[in-house]
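Dropping run-v4.txt in here (compact mmCIF, C-alpha atoms):
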# COMPACT_ATOMS: atom_id res chain seq x y z
CA LEU A 1204 -46.82 -13.98 44.34
CA GLY A 1205 -49.18 -12.93 47.10
CA ASN A 1206 -47.80 -9.39 47.31
CA TYR A 1207 -47.53 -7.93 43.84
CA SER A 1208 -47.75 -4.22 44.73
CA SER A 1209 -44.16 -3.59 43.57
CA ILE A 1210 -45.16 -4.79 40.10
CA LYS A 1211 -48.66 -3.26 40.13
CA TYR A 1212 -47.39 0.28 40.75
CA THR A 1213 -44.43 0.16 38.35
CA ILE A 1214 -44.44 2.91 35.70
CA GLY A 1215 -45.76 1.49 32.43
CA ILE A 1216 -47.79 -1.30 34.06
CA LYS A 1217 -51.46 -0.62 33.43
CA LYS A 1218 -53.03 -3.76 34.84
CA VAL A 1219 -51.92 -7.07 36.32
CA ILE A 1220 -53.84 -10.04 34.95
CA ARG A 1221 -55.28 -12.28 37.65
CA PHE A 1222 -57.43 -15.39 37.70
CA GLY A 1223 -59.18 -15.11 41.06
CA ASN A 1224 -56.35 -14.91 43.58
CA ARG A 1225 -53.85 -16.50 41.19
CA ILE A 1226 -51.42 -14.41 39.12
CA PRO A 1227 -50.10 -16.34 36.09
CA HIS A 1228 -46.36 -16.27 35.40
CA LEU A 1229 -43.84 -17.53 32.85
CA THR A 1230 -40.73 -19.51 33.63
CA ASP A 1231 -37.32 -18.46 32.27
CA ILE A 1232 -37.44 -21.41 29.84
CA GLU A 1233 -40.82 -20.25 28.44
CA ILE A 1234 -39.53 -16.67 28.04
CA LYS A 1235 -36.39 -17.86 26.21
CA SER A 1236 -38.55 -20.03 23.93
CA ILE A 1237 -40.78 -17.06 23.03
CA GLN A 1238 -37.70 -14.90 22.39
CA SER A 1239 -36.14 -17.50 20.07
CA ILE A 1240 -39.40 -17.88 18.11
CA GLU A 1241 -39.64 -14.10 17.76
CA LYS A 1242 -36.01 -13.87 16.58
CA LEU A 1243 -36.60 -16.64 14.02
CA SER A 1244 -39.76 -14.91 12.71
CA TYR A 1245 -37.66 -11.99 11.38
CA SER A 1246 -35.65 -14.21 9.05
CA LYS A 1247 -38.37 -16.80 8.31
CA PRO A 1248 -41.80 -15.18 8.70
CA ILE A 1249 -44.88 -17.37 8.67
CA SER A 1250 -46.60 -17.04 5.33
CA SER A 1251 -50.22 -17.87 4.85
CA ILE A 1252 -51.17 -19.84 1.79
CA MET A 1253 -53.77 -18.20 -0.41
CA LYS A 1254 -56.39 -20.51 -1.95
CA ILE A 1255 -59.25 -19.95 -4.37
CA GLY A 1256 -62.54 -19.83 -2.47
CA GLN A 1257 -60.85 -18.71 0.74
CA GLU A 1258 -62.31 -15.76 2.62
CA ALA A 1259 -60.20 -12.74 3.52
CA PHE A 1260 -60.60 -9.20 4.80
CA ILE A 1261 -59.56 -6.09 2.92
CA ALA A 1262 -56.90 -4.41 5.06
CA ASP A 1263 -56.59 -1.03 3.35
CA GLY A 1264 -58.34 1.31 0.96
CA PRO A 1265 -61.96 2.40 0.56
CA PHE A 1266 -63.30 -1.14 1.18
CA LYS A 1267 -61.21 -1.69 4.34
CA GLY A 1268 -62.81 -4.24 6.67
CA ASN A 1269 -65.01 -5.89 4.02
CA LEU A 1270 -65.08 -9.67 3.84
CA VAL A 1271 -64.30 -10.99 0.36
CA ARG A 1272 -63.84 -14.37 -1.32
CA ILE A 1273 -60.71 -15.04 -3.40
CA CYS A 1274 -61.49 -15.89 -7.06
CA SER A 1275 -57.99 -16.10 -8.54
CA LEU A 1276 -54.45 -16.48 -7.28
CA PRO A 1277 -52.03 -13.53 -7.38
CA LEU A 1278 -50.86 -12.45 -10.80
CA LYS A 1279 -48.42 -9.54 -10.86
CA GLY A 1280 -49.35 -8.74 -7.25
CA ARG A 1281 -53.09 -8.49 -7.94
CA VAL A 1282 -55.83 -10.86 -6.73
CA GLU A 1283 -59.35 -11.11 -8.07
CA VAL A 1284 -61.97 -11.23 -5.30
CA LEU A 1285 -65.75 -11.32 -5.00
CA LEU A 1286 -66.99 -8.21 -3.21
CA THR A 1287 -70.52 -7.21 -2.29
CA PHE A 1288 -70.96 -3.60 -3.38
CA LEU A 1289 -74.30 -1.76 -3.22
CA GLY A 1290 -76.11 -5.07 -2.87
CA ASN A 1291 -74.46 -6.68 -5.91
CA LEU A 1292 -71.67 -9.24 -6.07
CA ARG A 1293 -68.72 -7.89 -8.13
CA ARG A 1294 -65.39 -9.32 -9.22
CA VAL A 1295 -62.68 -6.82 -8.34
CA LYS A 1296 -58.90 -6.93 -8.65
CA ILE A 1297 -56.99 -5.63 -5.63
CA SER A 1298 -53.40 -5.72 -4.44
CA LYS A 1299 -52.32 -8.89 -2.64
CA GLU A 1300 -50.85 -6.73 0.15
CA ASP A 1301 -54.31 -5.27 0.84
CA LEU A 1302 -55.70 -8.65 1.94
CA LEU A 1303 -55.69 -10.11 5.46
CA ILE A 1304 -55.96 -13.87 5.27
Could you quickly redo this structure as structure tokens?
Amino acid sequence: LGNYSSIKYTIGIKKVIRFGNRIPHLTDIEIKSIQSIEKLSYSKPISSIMKIGQEAFIADGPFKGNLVRICSLPLKGRVEVLLTFLGNLRRVKISKEDLLI
């Protein structure tokens, strides 16, 4: 892949990743493997297991981006977390969907 100008100047290509003079590439087998994993992820998505004491980030709402610690497991879609608010530690219930684990 010494001459990659045909790829470099293709519409939609912003940058070609290089490591020194070496341009990494994927084989057809690797591409098919990635495609099959992606296809499988639609029907069987990877689910993360929520545990008490685990840290998570708030993904949405007024506290978006805050790091919290899980205090209780989901009950009716709500999780109780420890949140630092105005210098104090508070127990707050938020939606399970609003957490990034």
Checklist line | From A:Glu1241, A:Phe1288, A:Gly1215, A:Ser1209, residue lying nearest A:Phe1266 [only C-alpha atoms] | finding: A:Phe1288
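The spacing separating atom CA of A:Glu1300 from atom CA of A:Leu1243 amounts to 22.2 Å.
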Checklist line | atom CA of A:Met1253 to atom CA of A:Ser1239, straight-line distance in Å | finding: 27.0 Å
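Of the residues listed (A:Ile1210, A:Ile1237, A:Val1219, A:Ile1273), A:Ile1273 shows the shortest atom-to-atom separation from A:Phe1260; distances use all atoms listed in the file.
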Next item on the list: Figure out the distance between atom CA of A:Tyr1245 and atom CA of A:Ile1304, please, to one decimal in Å.
Entry: 19.4 Å
Margin query: Using only C-alpha atoms, can you tell me which of A:Leu1270, A:Ala1262, A:Ile1234, A:Leu1302 comes closest to A:Thr1287?
Written below: A:Leu1270
Which polymer residues have any atom within 12 Å of an atom of stretch 1223-1233 of chain A, counting all atoms listed in the file, with same-chain residues fewer than 2 positions away left out, as a PDB file with C-alpha atoms, in the coordinates of the input?
ATOM      1  CA  LEU A1204     -46.820 -13.980  44.340  1.00  0.00           C
ATOM      2  CA  GLY A1205     -49.180 -12.930  47.100  1.00  0.00           C
ATOM      3  CA  ASN A1206     -47.800  -9.390  47.310  1.00  0.00           C
ATOM      4  CA  TYR A1207     -47.530  -7.930  43.840  1.00  0.00           C
ATOM      5  CA  ILE A1210     -45.160  -4.790  40.100  1.00  0.00           C
ATOM      6  CA  LYS A1211     -48.660  -3.260  40.130  1.00  0.00           C
ATOM      7  CA  LYS A1218     -53.030  -3.760  34.840  1.00  0.00           C
ATOM      8  CA  VAL A1219     -51.920  -7.070  36.320  1.00  0.00           C
ATOM      9  CA  ILE A1220     -53.840 -10.040  34.950  1.00  0.00           C
ATOM     10  CA  ARG A1221     -55.280 -12.280  37.650  1.00  0.00           C
ATOM     11  CA  LYS A1235     -36.390 -17.860  26.210  1.00  0.00           C
ATOM     12  CA  SER A1236     -38.550 -20.030  23.930  1.00  0.00           C
ATOM     13  CA  ILE A1237     -40.780 -17.060  23.030  1.00  0.00           C
ATOM     14  CA  GLN A1238     -37.700 -14.900  22.390  1.00  0.00           C
ATOM     15  CA  SER A1239     -36.140 -17.500  20.070  1.00  0.00           C
ATOM     16  CA  ILE A1240     -39.400 -17.880  18.110  1.00  0.00           C
TER      17      ILE A1240
END
Coordinates of box centre and edge lengths for stretch 1230-1243 of chain A, 3 Å on every side, axis-aligned, as AutoDock Vina command-line options:
--center_x -38.4 --center_y -17.6 --center_z 23.8 --size_x 10.8 --size_y 13.5 --size_z 25.6
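Ranking A:Lys1299, A:Thr1213, A:Ile1255, A:Ser1244 by their shortest atom-to-atom distance to A:Leu1278, with all atoms listed in the file included, puts A:Lys1299 first.
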Would you kindly return, as a compact mmCIF listing (two decimals) with C-alpha atoms, in the frame of the given file, each protein, DNA or RNA residue with an atom no farther than 10 Å from any atom of A:Pro1277, considering only C-alpha atoms and excluding same-chain residues fewer than 5 positions away?
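Now in selection23.txt:
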# COMPACT_ATOMS: atom_id res chain seq x y z
CA MET A 1253 -53.77 -18.20 -0.41
CA LYS A 1254 -56.39 -20.51 -1.95
CA VAL A 1282 -55.83 -10.86 -6.73
CA GLU A 1283 -59.35 -11.11 -8.07
CA LYS A 1296 -58.90 -6.93 -8.65
CA ILE A 1297 -56.99 -5.63 -5.63
CA SER A 1298 -53.40 -5.72 -4.44
CA LYS A 1299 -52.32 -8.89 -2.64
